[in-house]
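J.: Input structure: entry-v5.txt, which contains compact mmCIF, C-alpha atoms.
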# COMPACT_ATOMS: atom_id res chain seq x y z
CA MET A 1 -180.73 -154.61 -26.16
CA PRO A 2 -180.74 -151.47 -23.96
CA GLU A 3 -177.30 -150.13 -22.99
CA GLU A 4 -177.81 -150.88 -19.28
CA GLN A 5 -178.75 -154.47 -20.11
CA LYS A 6 -175.68 -154.83 -22.31
CA THR A 7 -173.37 -153.87 -19.44
CA LYS A 8 -175.01 -156.40 -17.10
CA ASN A 9 -175.27 -159.19 -19.68
CA LYS A 10 -173.32 -162.19 -18.35
CA THR A 11 -174.37 -164.69 -21.04
CA ILE A 12 -171.54 -167.09 -21.88
CA LEU A 13 -170.33 -166.77 -25.46
CA LEU A 14 -167.77 -168.70 -27.52
CA SER A 15 -165.20 -167.13 -29.81
CA GLN A 16 -163.86 -169.03 -32.81
CA ASN A 17 -160.61 -169.63 -30.96
CA GLU A 18 -162.49 -171.02 -27.98
CA LEU A 19 -164.50 -173.33 -30.21
CA GLU A 20 -161.28 -174.73 -31.61
CA GLN A 21 -159.71 -174.94 -28.15
CA TYR A 22 -162.61 -176.68 -26.43
CA SER A 23 -163.38 -179.01 -29.31
CA LYS A 24 -159.99 -180.64 -28.63
CA LYS A 25 -161.13 -181.59 -25.12
CA ILE A 26 -164.22 -183.45 -26.32
CA VAL A 27 -164.27 -187.25 -26.43
CA ARG A 28 -165.29 -188.57 -29.86
CA PHE A 29 -167.18 -191.75 -30.63
CA GLN A 30 -164.88 -194.31 -32.30
CA ASN A 31 -167.27 -197.20 -32.85
CA LYS A 32 -165.81 -199.28 -30.05
CA LYS A 33 -166.26 -199.86 -26.34
CA PHE A 34 -165.29 -197.11 -23.93
CA ASN A 35 -163.56 -197.85 -20.66
CA LEU A 36 -164.37 -195.74 -17.62
CA LYS A 37 -161.03 -193.90 -17.66
CA GLN A 38 -161.73 -192.59 -21.19
CA ILE A 39 -165.06 -190.98 -20.29
CA LEU A 40 -164.97 -190.06 -16.60
CA ASN A 41 -165.35 -186.30 -16.12
CA LYS A 42 -165.55 -185.87 -19.87
CA THR A 43 -167.99 -184.60 -22.49
CA ILE A 44 -168.75 -187.15 -25.21
CA CYS A 45 -169.76 -185.63 -28.54
CA ALA A 46 -171.86 -188.33 -30.14
CA ASP A 47 -175.33 -189.44 -31.09
CA LEU A 48 -176.92 -191.10 -28.07
CA PHE A 49 -178.00 -194.08 -30.17
CA ASP A 50 -174.40 -194.74 -31.24
CA VAL A 51 -172.82 -194.52 -27.83
CA LEU A 52 -175.16 -196.07 -25.24
CA ASP A 53 -174.21 -199.66 -26.07
CA GLU A 54 -170.51 -198.79 -25.91
CA LEU A 55 -170.50 -197.54 -22.30
CA PRO A 56 -169.62 -199.70 -19.28
CA LYS A 57 -172.55 -201.40 -17.56
CA TYR A 58 -173.71 -200.45 -14.08
CA PHE A 59 -171.20 -197.64 -13.46
CA VAL A 60 -173.59 -194.75 -12.78
CA ASP A 61 -174.96 -193.64 -9.39
CA LEU A 62 -177.38 -191.10 -10.82
CA LEU A 63 -179.01 -190.52 -14.20
CA ILE A 64 -180.31 -187.04 -14.96
CA ILE A 65 -182.19 -187.15 -18.24
CA ASP A 66 -183.52 -184.04 -19.94
CA PRO A 67 -184.58 -185.28 -23.39
CA PRO A 68 -186.25 -183.26 -26.13
CA TYR A 69 -189.85 -182.69 -25.10
CA ASN A 70 -192.60 -183.60 -27.53
CA LEU A 71 -192.44 -180.18 -29.19
CA ASN A 72 -191.14 -178.65 -32.38
CA LYS A 73 -187.72 -177.38 -31.32
CA ASN A 74 -184.55 -176.30 -33.08
CA PHE A 75 -181.40 -177.16 -31.14
CA ASN A 76 -178.78 -175.18 -33.03
CA GLY A 77 -179.77 -176.73 -36.35
CA LEU A 78 -180.76 -180.15 -34.98
CA LYS A 79 -184.55 -180.18 -35.18
CA PHE A 80 -186.90 -182.27 -33.06
CA SER A 81 -190.43 -182.58 -34.42
CA GLU A 82 -193.60 -182.94 -32.38
CA THR A 83 -195.38 -186.24 -32.86
CA ASP A 84 -198.33 -188.11 -31.34
CA ASP A 85 -198.20 -189.72 -27.90
CA ALA A 86 -197.64 -193.24 -29.19
CA HIS A 87 -194.65 -192.27 -31.32
CA TYR A 88 -193.13 -190.20 -28.53
CA LEU A 89 -193.43 -193.18 -26.18
CA GLU A 90 -191.77 -195.30 -28.86
CA TYR A 91 -188.95 -192.77 -29.00
CA LEU A 92 -188.48 -192.99 -25.21
CA GLU A 93 -188.50 -196.78 -25.38
CA SER A 94 -185.72 -196.71 -27.98
CA TRP A 95 -183.13 -195.44 -25.48
CA PHE A 96 -184.46 -195.35 -21.89
CA PRO A 97 -183.96 -199.08 -21.08
CA LYS A 98 -180.40 -198.87 -22.42
CA ALA A 99 -179.71 -195.90 -20.17
CA MET A 100 -181.07 -197.84 -17.20
CA ASN A 101 -178.57 -200.62 -17.94
CA LEU A 102 -175.80 -198.15 -17.05
CA LEU A 103 -177.25 -197.51 -13.59
CA LYS A 104 -175.95 -199.26 -10.48
CA PRO A 105 -178.44 -201.54 -8.64
CA ASN A 106 -178.86 -198.83 -5.96
CA GLY A 107 -178.90 -195.95 -8.45
CA SER A 108 -181.55 -193.30 -9.10
CA VAL A 109 -182.95 -191.60 -12.18
CA TYR A 110 -184.65 -188.25 -12.80
CA LEU A 111 -186.55 -187.76 -16.07
CA CYS A 112 -187.56 -184.24 -17.13
CA GLY A 113 -190.56 -183.18 -19.20
CA ASP A 114 -193.52 -180.86 -19.57
CA TRP A 115 -197.26 -181.46 -19.24
CA LYS A 116 -197.63 -182.68 -22.83
CA CYS A 117 -195.16 -185.55 -22.50
CA SER A 118 -195.36 -186.24 -18.76
CA ALA A 119 -197.77 -189.17 -19.15
CA GLN A 120 -195.39 -190.92 -21.54
CA LEU A 121 -192.46 -190.26 -19.21
CA TYR A 122 -194.38 -191.91 -16.38
CA LEU A 123 -195.17 -194.96 -18.50
CA VAL A 124 -191.57 -195.59 -19.52
CA MET A 125 -190.32 -194.89 -15.99
CA LYS A 126 -192.87 -197.29 -14.51
CA LYS A 127 -191.84 -200.03 -16.94
CA TYR A 128 -188.09 -199.90 -16.24
CA ALA A 129 -187.76 -198.36 -12.76
CA LYS A 130 -189.58 -197.95 -9.48
CA VAL A 131 -191.40 -194.62 -9.59
CA ARG A 132 -190.87 -192.71 -6.34
CA ASN A 133 -192.36 -189.29 -6.99
CA ARG A 134 -193.15 -186.51 -9.43
CA ILE A 135 -191.47 -183.18 -8.79
CA ILE A 136 -193.20 -180.09 -10.15
CA TRP A 137 -191.00 -177.05 -10.49
CA GLN A 138 -192.31 -173.60 -11.22
CA ARG A 139 -190.87 -171.73 -14.18
CA GLU A 140 -191.41 -168.02 -13.61
CA LYS A 141 -190.70 -167.40 -17.30
CA GLY A 142 -193.13 -168.21 -20.10
CA ARG A 143 -195.45 -166.66 -22.62
CA GLY A 144 -198.95 -165.65 -21.65
CA ALA A 145 -201.94 -167.25 -23.36
CA LYS A 146 -205.28 -165.58 -24.17
CA ALA A 147 -207.27 -168.77 -24.63
CA ASN A 148 -205.46 -171.07 -22.20
CA TRP A 149 -203.54 -171.13 -18.93
CA LYS A 150 -199.95 -169.95 -19.12
CA ASN A 151 -197.49 -172.86 -18.95
CA ALA A 152 -195.40 -172.06 -15.88
CA SER A 153 -194.26 -175.45 -14.58
CA GLU A 154 -192.43 -178.59 -15.62
CA ASP A 155 -192.23 -182.13 -14.25
CA ILE A 156 -189.33 -184.28 -13.13
CA TRP A 157 -190.12 -187.96 -12.50
CA PHE A 158 -188.01 -189.55 -9.77
CA GLY A 159 -187.31 -193.27 -9.92
CA THR A 160 -184.89 -195.84 -8.57
CA LYS A 161 -183.58 -199.13 -9.89
CA GLY A 162 -184.51 -200.97 -6.71
CA ASN A 163 -185.67 -200.52 -3.15
CA ASP A 164 -182.17 -199.94 -1.80
CA TYR A 165 -181.15 -196.48 -2.95
CA TYR A 166 -179.26 -193.38 -1.79
CA PHE A 167 -181.27 -190.35 -0.67
CA ASP A 168 -179.85 -187.56 1.51
CA VAL A 169 -182.75 -185.34 2.55
CA GLU A 170 -180.56 -183.37 4.95
CA ALA A 171 -178.51 -182.09 2.01
CA VAL A 172 -181.48 -180.44 0.30
CA LYS A 173 -183.17 -178.51 3.08
CA GLN A 174 -184.59 -175.11 2.23
CA LYS A 175 -184.43 -171.90 4.22
CA ARG A 176 -187.77 -170.11 4.11
CA LYS A 177 -189.07 -166.84 5.50
CA VAL A 178 -191.27 -167.33 8.55
CA LEU A 179 -194.72 -165.85 8.03
CA ALA A 180 -196.10 -166.75 11.45
CA PRO A 181 -193.19 -166.72 13.94
CA TYR A 182 -194.65 -168.87 16.73
CA LYS A 183 -192.87 -168.80 20.10
CA GLU A 184 -192.82 -171.34 22.90
CA ASN A 185 -191.86 -170.15 26.38
CA GLY A 186 -190.84 -166.87 24.83
CA LYS A 187 -188.35 -168.49 22.45
CA PRO A 188 -188.61 -169.07 18.67
CA LYS A 189 -190.04 -172.49 17.84
CA ASP A 190 -188.30 -174.11 14.83
CA TRP A 191 -187.07 -170.79 13.43
CA GLU A 192 -184.30 -168.29 13.95
CA GLU A 193 -184.08 -164.53 13.79
CA THR A 194 -181.21 -163.02 11.82
CA GLU A 195 -180.25 -159.49 10.81
CA ASN A 196 -182.00 -160.19 7.50
CA GLY A 197 -185.26 -161.56 8.88
CA LYS A 198 -186.87 -164.62 10.42
CA PHE A 199 -186.14 -167.97 8.73
CA ARG A 200 -187.02 -171.62 9.16
CA LEU A 201 -185.06 -174.59 7.82
CA THR A 202 -187.56 -176.97 6.19
CA TYR A 203 -187.58 -180.38 4.55
CA PRO A 204 -188.17 -180.27 0.79
CA SER A 205 -191.48 -181.13 -0.83
CA ASN A 206 -192.10 -182.21 -4.43
CA PHE A 207 -193.22 -178.70 -5.42
CA TRP A 208 -190.35 -176.30 -6.04
CA ASP A 209 -191.11 -172.61 -6.39
CA ASP A 210 -187.60 -171.31 -5.69
CA ILE A 211 -186.02 -171.84 -9.13
CA SER A 212 -184.89 -169.06 -11.47
CA VAL A 213 -184.62 -170.01 -15.14
CA PRO A 214 -181.27 -168.80 -16.58
CA TYR A 215 -181.44 -165.40 -18.27
CA TRP A 216 -179.00 -162.79 -19.57
CA SER A 217 -177.84 -161.37 -16.20
CA MET A 218 -177.02 -164.79 -14.72
CA PRO A 219 -173.43 -166.00 -15.21
CA GLU A 220 -174.58 -169.55 -16.00
CA ASN A 221 -176.66 -168.44 -18.99
CA THR A 222 -175.88 -169.65 -22.53
CA LYS A 223 -177.78 -169.47 -25.80
CA HIS A 224 -179.13 -173.02 -25.40
CA PRO A 225 -182.93 -172.78 -25.85
CA THR A 226 -183.91 -175.13 -23.01
CA GLN A 227 -181.08 -174.74 -20.50
CA LYS A 228 -181.89 -176.01 -17.02
CA PRO A 229 -180.89 -173.97 -13.94
CA GLU A 230 -177.88 -175.08 -11.92
CA LYS A 231 -179.91 -174.77 -8.72
CA LEU A 232 -182.51 -177.22 -10.05
CA PHE A 233 -179.99 -179.95 -10.80
CA ALA A 234 -178.04 -179.23 -7.60
CA LYS A 235 -181.04 -180.49 -5.64
CA LEU A 236 -181.16 -183.74 -7.64
CA ILE A 237 -177.44 -184.37 -7.32
CA LEU A 238 -177.16 -183.60 -3.61
CA ALA A 239 -180.17 -185.76 -2.78
CA SER A 240 -179.41 -188.76 -4.96
CA CYS A 241 -175.66 -189.04 -5.59
CA PRO A 242 -173.05 -189.53 -2.87
CA GLU A 243 -169.91 -187.40 -2.91
CA ASN A 244 -167.46 -188.72 -5.55
CA GLY A 245 -170.29 -190.71 -7.10
CA ILE A 246 -170.90 -190.61 -10.86
CA VAL A 247 -173.67 -188.64 -12.58
CA LEU A 248 -174.55 -189.33 -16.23
CA ASP A 249 -176.54 -186.99 -18.46
CA PRO A 250 -177.20 -188.48 -21.93
CA PHE A 251 -178.74 -185.21 -23.23
CA LEU A 252 -176.16 -182.82 -21.81
CA GLY A 253 -177.00 -179.69 -23.79
CA SER A 254 -174.81 -176.81 -22.62
CA GLY A 255 -173.47 -178.78 -19.66
CA THR A 256 -175.52 -177.94 -16.57
CA THR A 257 -175.41 -181.46 -15.11
CA SER A 258 -171.65 -181.84 -15.51
CA VAL A 259 -170.95 -178.34 -14.18
CA VAL A 260 -173.10 -178.81 -11.08
CA ALA A 261 -171.65 -182.26 -10.43
CA LYS A 262 -168.16 -180.76 -10.53
CA LYS A 263 -169.11 -177.90 -8.22
CA LEU A 264 -170.56 -180.39 -5.72
CA ASN A 265 -167.58 -182.79 -5.78
CA ARG A 266 -169.26 -185.48 -7.84
CA GLN A 267 -167.89 -187.12 -10.98
CA PHE A 268 -169.72 -186.92 -14.28
CA VAL A 269 -170.15 -188.10 -17.84
CA GLY A 270 -172.08 -186.04 -20.38
CA ILE A 271 -173.28 -187.02 -23.85
CA GLU A 272 -174.26 -184.36 -26.38
CA MET A 273 -174.43 -184.63 -30.17
CA ASN A 274 -174.07 -180.91 -30.93
CA GLU A 275 -170.40 -179.92 -30.92
CA GLU A 276 -171.01 -176.26 -30.10
CA TYR A 277 -173.05 -177.18 -27.02
CA CYS A 278 -170.23 -179.54 -25.98
CA CYS A 279 -167.86 -176.57 -26.18
CA PHE A 280 -170.20 -174.49 -24.02
CA ALA A 281 -170.11 -177.32 -21.48
CA GLU A 282 -166.32 -177.37 -21.52
CA LYS A 283 -166.09 -173.61 -21.06
CA ARG A 284 -168.50 -173.74 -18.14
CA LEU A 285 -166.44 -176.56 -16.61
CA ASP A 286 -163.39 -174.32 -16.83
CA PHE A 287 -165.33 -171.57 -15.04
CA ALA A 288 -166.25 -174.10 -12.33
CA ASN A 289 -162.55 -174.52 -11.57
CA LEU A 290 -162.50 -170.88 -10.47
CA ASN A 291 -165.95 -170.48 -8.94
CA LYS A 292 -168.03 -173.24 -7.35
CA LYS A 293 -170.93 -171.04 -6.29
CA ILE A 294 -174.46 -172.02 -7.29
CA GLN A 295 -176.99 -169.21 -7.35
CA GLY A 296 -179.59 -169.74 -4.61
CA TYR A 297 -177.52 -172.29 -2.67
CA SER A 298 -175.12 -171.36 0.11
CA ASN A 299 -173.90 -172.70 3.46
CA GLY A 300 -175.43 -176.08 2.71
CA VAL A 301 -179.02 -174.88 2.23
CA PHE A 302 -181.26 -173.71 -0.59
CA TRP A 303 -182.80 -170.26 -0.30
CA GLU A 304 -186.19 -169.09 -1.53
CA ARG A 305 -186.09 -167.20 -4.81
CA ASN A 306 -185.43 -163.48 -4.38
CA THR A 307 -184.72 -163.86 -0.67
CA ALA A 308 -183.08 -160.67 0.61
CA ASN A 309 -180.18 -162.31 2.36
CA LEU A 310 -176.50 -161.45 2.51
CA GLN A 311 -175.56 -165.01 1.63
CA MET A 312 -177.66 -164.82 -1.52
CA ARG A 313 -175.97 -161.61 -2.61
CA LYS A 314 -172.63 -163.36 -2.50
CA CYS A 315 -173.82 -166.09 -4.90
Take the structure from the file and write it as structure tokens.
T.:
Amino acid sequence: MPEEQKTKNKTILLSQNELEQYSKKIVRFQNKKFNLKQILNKTICADLFDVLDELPKYFVDLLIIDPPYNLNKNFNGLKFSETDDAHYLEYLESWFPKAMNLLKPNGSVYLCGDWKCSAQLYLVMKKYAKVRNRIIWQREKGRGAKANWKNASEDIWFGTKGNDYYFDVEAVKQKRKVLAPYKENGKPKDWEETENGKFRLTYPSNFWDDISVPYWSMPENTKHPTQKPEKLFAKLILASCPENGIVLDPFLGSGTTSVVAKKLNRQFVGIEMNEEYCCFAEKRLDFANLNKKIQGYSNGVFWERNTANLQMRKC
């Protein structure tokens, strides 16, 4: 790593002392039913298949699920192997309906995947929930391909348990640069001029091109191979979980869902089978006590990626 990059590297690391410290905060599976007090705002270190049946029923306002995609992937020694579509769907069926049993009748669910597994995600979502939409978010990172199109997007399927559900569109508006500043009677129409440019506050679509994937100079970055951006999950939580509501992530990884929930005054439960990733989550939760900023989100709105704005520079 170049010297300049080293000085700007903000990647979160864990010392041996921190591993020992944070491992004491983790909730362990004890082969018996959990009550809500034991798990609320906690990280559960356990195999998903052991713990799902031991959680309280219907206590969750929002499920954010980011399972292993149908790829060969090494998660810190825990390997997931690519399989055919039928077996991957069988894998989803083995836990998705149990996760839905934890959701309140008016709760929502977001299920993450890539193009290879998106069809199977839709099938399992359609079977156990009401499919509302498919969000496509652009990943600006990714390897080029000489004989194919570069993979630069992922899917998030949005579903609800019923027809009565929480959705706050006002909380997820985006501030965009105005390319054609139309005026009516000499005054800006639906836009404002600031010292940093002309901007319009817009309602969100299901295509998101304002997301930065965590990398070494971002303070949320860890060594997790498939870490989701805080800004990405902030949109899901603000839209689909009321303040003080409960968000559950059964594939927590390095803790993005729990951290964002905490920053946005929601409650959370995270399940992760890798102890080191659980410790990363706990360290990030400690950081969230000191700093609740989310990169790309300020003053109640989401900003376009790389927007030259003073508010963005503070984030």
J.: Which neighbours of stretch 131-134 of chain A fall inside 8 Å, counting only C-alpha atoms, when residues of the same chain fewer than 2 positions from it are skipped, and could you give them as a PyMOL selection string?
T.: chain A and resi 122+125-126+129+136+155-160+206
J.: Can those selected residues be exported to a file as a PDB file, in the frame of the given file so that it contains C-alpha atoms?
T.:
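This went into selection27.pdb:
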ATOM      1  CA  TYR A 122    -194.380-191.910 -16.380  1.00  0.00           C
ATOM      2  CA  MET A 125    -190.320-194.890 -15.990  1.00  0.00           C
ATOM      3  CA  LYS A 126    -192.870-197.290 -14.510  1.00  0.00           C
ATOM      4  CA  ALA A 129    -187.760-198.360 -12.760  1.00  0.00           C
ATOM      5  CA  ILE A 136    -193.200-180.090 -10.150  1.00  0.00           C
ATOM      6  CA  ASP A 155    -192.230-182.130 -14.250  1.00  0.00           C
ATOM      7  CA  ILE A 156    -189.330-184.280 -13.130  1.00  0.00           C
ATOM      8  CA  TRP A 157    -190.120-187.960 -12.500  1.00  0.00           C
ATOM      9  CA  PHE A 158    -188.010-189.550  -9.770  1.00  0.00           C
ATOM     10  CA  GLY A 159    -187.310-193.270  -9.920  1.00  0.00           C
ATOM     11  CA  THR A 160    -184.890-195.840  -8.570  1.00  0.00           C
ATOM     12  CA  ASN A 206    -192.100-182.210  -4.430  1.00  0.00           C
TER      13      ASN A 206
END
J.: Out of A:Trp303, A:Phe167, A:Tyr128, A:Tyr22, which residue has the shortest atom-to-atom distance to A:Asp209 when counting only C-alpha atoms?
T.: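 Counting only C-alpha atoms, the residue closest to A:Asp209 is A:Trp303.
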J.: Of the residues A:Lys161, A:Arg305, A:Lys292, A:Lys57, which is the one nearest to A:Lys177, using all atoms listed in the file?
T.: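 Distance minimum relative to A:Lys177 lands on A:Arg305.
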J.: Residues at most 9 Å from A:Pro250, counting all atoms listed in the file, excluding those fewer than 6 positions away in the same chain, as a list in words?
T.: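 Result of the neighbour search: Leu48, Leu52, Leu63, Ile64, Ile65, Asp66, Pro67, Ala99, Val269, Gly270, Ile271 and Glu272 of chain A.
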J.: What is the distance between atom CA of A:Val27 and atom CA of A:Trp95, in Å to one decimal?
T.: 20.6 Å
J.: So, with all atoms listed in the file as the atoms that count, which of A:Asn9, A:Phe199, A:Val60, A:Gly77 lies closest to A:Glu275?
T.: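 Using all atoms listed in the file, A:Glu275 sits closest to A:Gly77.
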J.: For A:Lys73, work out the shell of residues within 10 Å, counting only C-alpha atoms and skipping chain neighbours fewer than 5 positions away, then give it as an MDAnalysis selection string.
T.: chainID A and resid 68 78:82 225:226
J.: Do you have the atom CA of A:Asn289-atom CA of A:Glu18 distance handy?
T.: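 Computing the Euclidean distance for atom CA of A:Asn289 and atom CA of A:Glu18 yields 16.8 Å.
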J.: In Å, rounded to a single decimal, give me how far atom CA of A:Pro229 is from atom CA of A:Val213.
T.: 5.6 Å
J.: Would you mind listing what lies within 8 Å of A:Glu220 as JSON, numbers by chain, with only C-alpha atoms counted and same-chain residues fewer than 3 positions away left out?
T.: {"A": [10, 11, 12, 214, 229, 230, 284]}
J.: Which one of A:Ala86, A:Cys117, A:Leu62, A:Val51 sits closest to A:Pro105 if you count only C-alpha atoms?
T.: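 With only C-alpha atoms as the atom set, the closest residue is A:Leu62.
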J.: I need the residue nearest A:Gly245 from this list: A:Arg266, A:Lys24, A:Tyr165, A:Thr202. Use all atoms listed in the file for the distance.
T.: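 Smallest separation from A:Gly245 among the options: A:Arg266.
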J.: Please provide the set of residues having any atom within 6 Å of stretch 28-30 of chain A, restricted to all atoms listed in the file, with same-chain residues fewer than 3 positions apart removed, written as a VMD selection string.
T.: chain A and resid 44 to 46
J.: So, with only C-alpha atoms as the atoms that count, which of A:Tyr91, A:Trp191, A:Tyr110, A:Trp216 lies closest to A:Ala239?
T.: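 With only C-alpha atoms as the atom set, the closest residue is A:Tyr110.
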J.: Name the residues within 10 Å of (-180.4, -172.2, -24.3), counting all atoms listed in the file in the file's coordinates, and put them as a list in words.
T.: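 Those residues lying close to the given coordinates are Phe75, Asn76, Pro214, Tyr215, Asn221, Thr222, Lys223, His224, Pro225, Thr226, Gln227, Lys228, Gly253, Ser254 and Tyr277 of chain A.
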